[in-house]
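Novice: The structure under discussion is supplied below as C-alpha cells; questions concerning it will follow.
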Amino acid sequence: MNANYVRQFDFAQKIKYITQGKTYLSTEYKGEVCDEFSAPAVLDKKSGKDFVILNLTDIHFSDYDIRMPLGLAAAFTLRRLVRDVRPDLITVTGDIVCAASAYNSIRYLTDLFTSFGIPWAPVFGNHEDETNCDKNYLADIMMKSPCCLLRKGPSSMGVGNYIVVIADENGKPVETLFMTDSKHSQPDSSQAEWIISEGAKITDGEKSVFMHIPLPEYQAAYDAAFDTVSGKWRDGFAAFGEQHEKICCERDKDGNPVYRGFLDKIRSVSGLKYVFCGHEHLNDWSVLYNGVRLTYTLKVGRGSGFRKNFNGGTVITVGDNGIKSIAHRNTRLLRLHNIEYFEL
C-alpha cells in the first residue's frame, strides 16, 4: 500500500454526502472533453520475472441506493485480491460506478486505488452513463490519481481509448494493451482503425484489447466451442470456464447478434491474440476463436446475481514472450483460490 497517499473521507464529509444527497442527485457533473490521443503509457518488465496483471470488473460502487453497502463488500474483496496477488498493474473492465449518483463513490474508488500505489488502467462500462456524472467527469476525477493511466482520447470515439505498453528492460514491447470504450454496445470502425494504425507502429510483442461489453463474436465462439448435448467444451478451442447467463452483446430486435466487423478488422494486427471483457456477472469462460482468445473476466462486485465462486478477479501473467496464463481467483475462507486456471 502507498502510505504516502491515503486520503480517507472524514466523518464530516460523510455526513455532508448523506445530508446533501438531494443536491448531488439533482446536479449534473460534466467533465472536460478531449479530442486527441495521448502517448502510450509504458510500464517496465524485468527480464525473467513475470509481470502480473490483476483485472477487476463490475465493481458497481454507488452513492445512495442498495448497492452502496454491497460496495463495501466489493472493496473488501478488492483489497484482499491486491494484497495477495501483488500485481504490477490493475486493469478494470467497466461498470466501476452505477446508479443515480456517483459523485461520492468515484472519489472513494479513486482514493482506494491510489492507496495501493500500483498503476491502474480502467475502461468504462454501460452503467457509468446512468449516473449524475458523465464519463468525462468520472475520468477527470480518476486522472487526478498519480497511479491512474487512463487517458480520454478523441470524444468521437467515446471516453477512454488509450494504450498501455509493457516493455522489457531494452524498451521492447512484450504486451500492448488497447484500452477501449465499448460505447454502449461495441467499438466502432474508427476504434478498429485506431487499433490497426497504432498496432502497425508497435511491431514487437503480443497485443490485447480490453473492453466492457462482449463482442457478438463471443456468441459465435460459444456456439462453436460448447457442446450443449454433452455439456462440455469441444476439442480444438482450448476453452475453459462456465456460462450461466445470456451473452449480452449487441443484438437486433429479433435477438440475433449484430456483427459490425470489429474483430475481423483488428485480427489483421500482427500479434493481436486476446480480447478481455466484463459485463456479464455469471460468465467466466475463455475460448480460442479464429486465432483470437475471447475471455470473460471474473466480477468483483457483489450485486446483480450471485453464484458460488463467481466473485473475485482475473490474474493475467505476462512472461518474456507475452501472456503465459489466465487464472480466475475468488476469495473464500480468507484465502484466494484458483477456480479456473489455464496455461497458454
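In the C-alpha cells, each chain is lettered A, B, ... as it comes, each chain's residues begin at 1, and ligands are numbered from 1 in order of appearance.
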Using DSSP on the backbone coordinates, identify all residues within stretch 116-341 of chain A classified as helix (DSSP H, G or I); present the result as a ChimeraX atom specification.
Specialist: /A:116,128-130,135-142,155-157,189-201,217-225,262-266
Novice: Quick one: which stretch 236-289 of chain A residues come within 12 Å of stretch 168-180 of chain A, and what is the nearest atom pair for each with the distance in Å to one decimal, counting only C-alpha atoms, rows ordered by chain and ascending number, as a tab-separated table?
Specialist:
```
residue	atom	partner	partner_atom	distance
A:Phe262	CA	A:Thr180	CA	11.9
A:Ile266	CA	A:Phe178	CA	11.0
A:Val269	CA	A:Thr176	CA	11.7
A:Ser270	CA	A:Thr176	CA	11.4
A:Gly271	CA	A:Glu175	CA	9.1
A:Leu272	CA	A:Thr176	CA	8.8
A:Lys273	CA	A:Glu175	CA	10.2
A:Tyr274	CA	A:Leu177	CA	9.4
A:Val275	CA	A:Phe178	CA	9.4
A:Phe276	CA	A:Met179	CA	9.9
A:Cys277	CA	A:Thr180	CA	10.1
```
Novice: How about saving the chosen residues, C-alpha atoms kept, as a compact mmCIF listing (two decimals), in the first residue's frame?
Specialist:
```txt
# COMPACT_ATOMS: atom_id res chain seq x y z
CA PHE A 262 -14.68 -5.02 -35.41
CA ILE A 266 -8.39 -5.96 -35.72
CA VAL A 269 -2.95 -6.54 -36.47
CA SER A 270 0.23 -8.56 -36.05
CA GLY A 271 0.42 -10.15 -32.62
CA LEU A 272 -3.16 -9.40 -31.57
CA LYS A 273 -4.18 -12.51 -29.65
CA TYR A 274 -6.55 -11.57 -26.83
CA VAL A 275 -9.81 -9.76 -26.09
CA PHE A 276 -10.91 -9.36 -22.45
CA CYS A 277 -14.34 -8.12 -21.37
```
Novice: Suppose you want the space between atom CA of A:Glu343 and atom CA of A:Lys324; what is it in Å?
Specialist: 5.9 Å
Novice: Can you pull out every residue within 10 Å of A:Thr295, counting only C-alpha atoms, but drop anything in the same chain fewer than 6 positions away, and send it as a PyMOL selection string?
Specialist: chain A and resi 210+214+218+239-241+274-278+283-288+326
Novice: Store the residues picked out above, limited to C-alpha atoms, as a PDB file, in the first residue's frame.
Specialist:
```
ATOM      1  CA  PHE A 210      -9.682  -4.677 -23.019  1.00  0.00           C
ATOM      2  CA  PRO A 214     -18.613  -8.623 -25.128  1.00  0.00           C
ATOM      3  CA  TYR A 218     -18.477 -14.195 -28.118  1.00  0.00           C
ATOM      4  CA  ALA A 239     -11.639 -23.487 -23.820  1.00  0.00           C
ATOM      5  CA  PHE A 240     -12.232 -23.249 -20.083  1.00  0.00           C
ATOM      6  CA  GLY A 241     -14.727 -21.656 -17.708  1.00  0.00           C
ATOM      7  CA  TYR A 274      -6.553 -11.567 -26.830  1.00  0.00           C
ATOM      8  CA  VAL A 275      -9.812  -9.763 -26.093  1.00  0.00           C
ATOM      9  CA  PHE A 276     -10.909  -9.363 -22.453  1.00  0.00           C
ATOM     10  CA  CYS A 277     -14.340  -8.121 -21.367  1.00  0.00           C
ATOM     11  CA  GLY A 278     -16.606  -7.885 -18.324  1.00  0.00           C
ATOM     12  CA  ASN A 283     -19.846 -15.998 -17.146  1.00  0.00           C
ATOM     13  CA  ASP A 284     -16.115 -16.591 -16.878  1.00  0.00           C
ATOM     14  CA  TRP A 285     -15.260 -18.651 -19.934  1.00  0.00           C
ATOM     15  CA  SER A 286     -12.400 -18.247 -22.382  1.00  0.00           C
ATOM     16  CA  VAL A 287     -12.334 -19.612 -25.944  1.00  0.00           C
ATOM     17  CA  LEU A 288      -9.772 -19.515 -28.739  1.00  0.00           C
ATOM     18  CA  ILE A 326      -5.003 -16.678 -17.222  1.00  0.00           C
TER      19      ILE A 326
END
```
Novice: Near A:Leu56, within 12 Å and counting only C-alpha atoms, which residues show up once chain neighbours fewer than 2 positions away are dropped, as a ChimeraX atom specification?
Specialist: /A:53-54,58-60,74-75,77-79,81-82,87,89-96,113,120-123,210-212,276-279,281,296-301,311-316,328-330
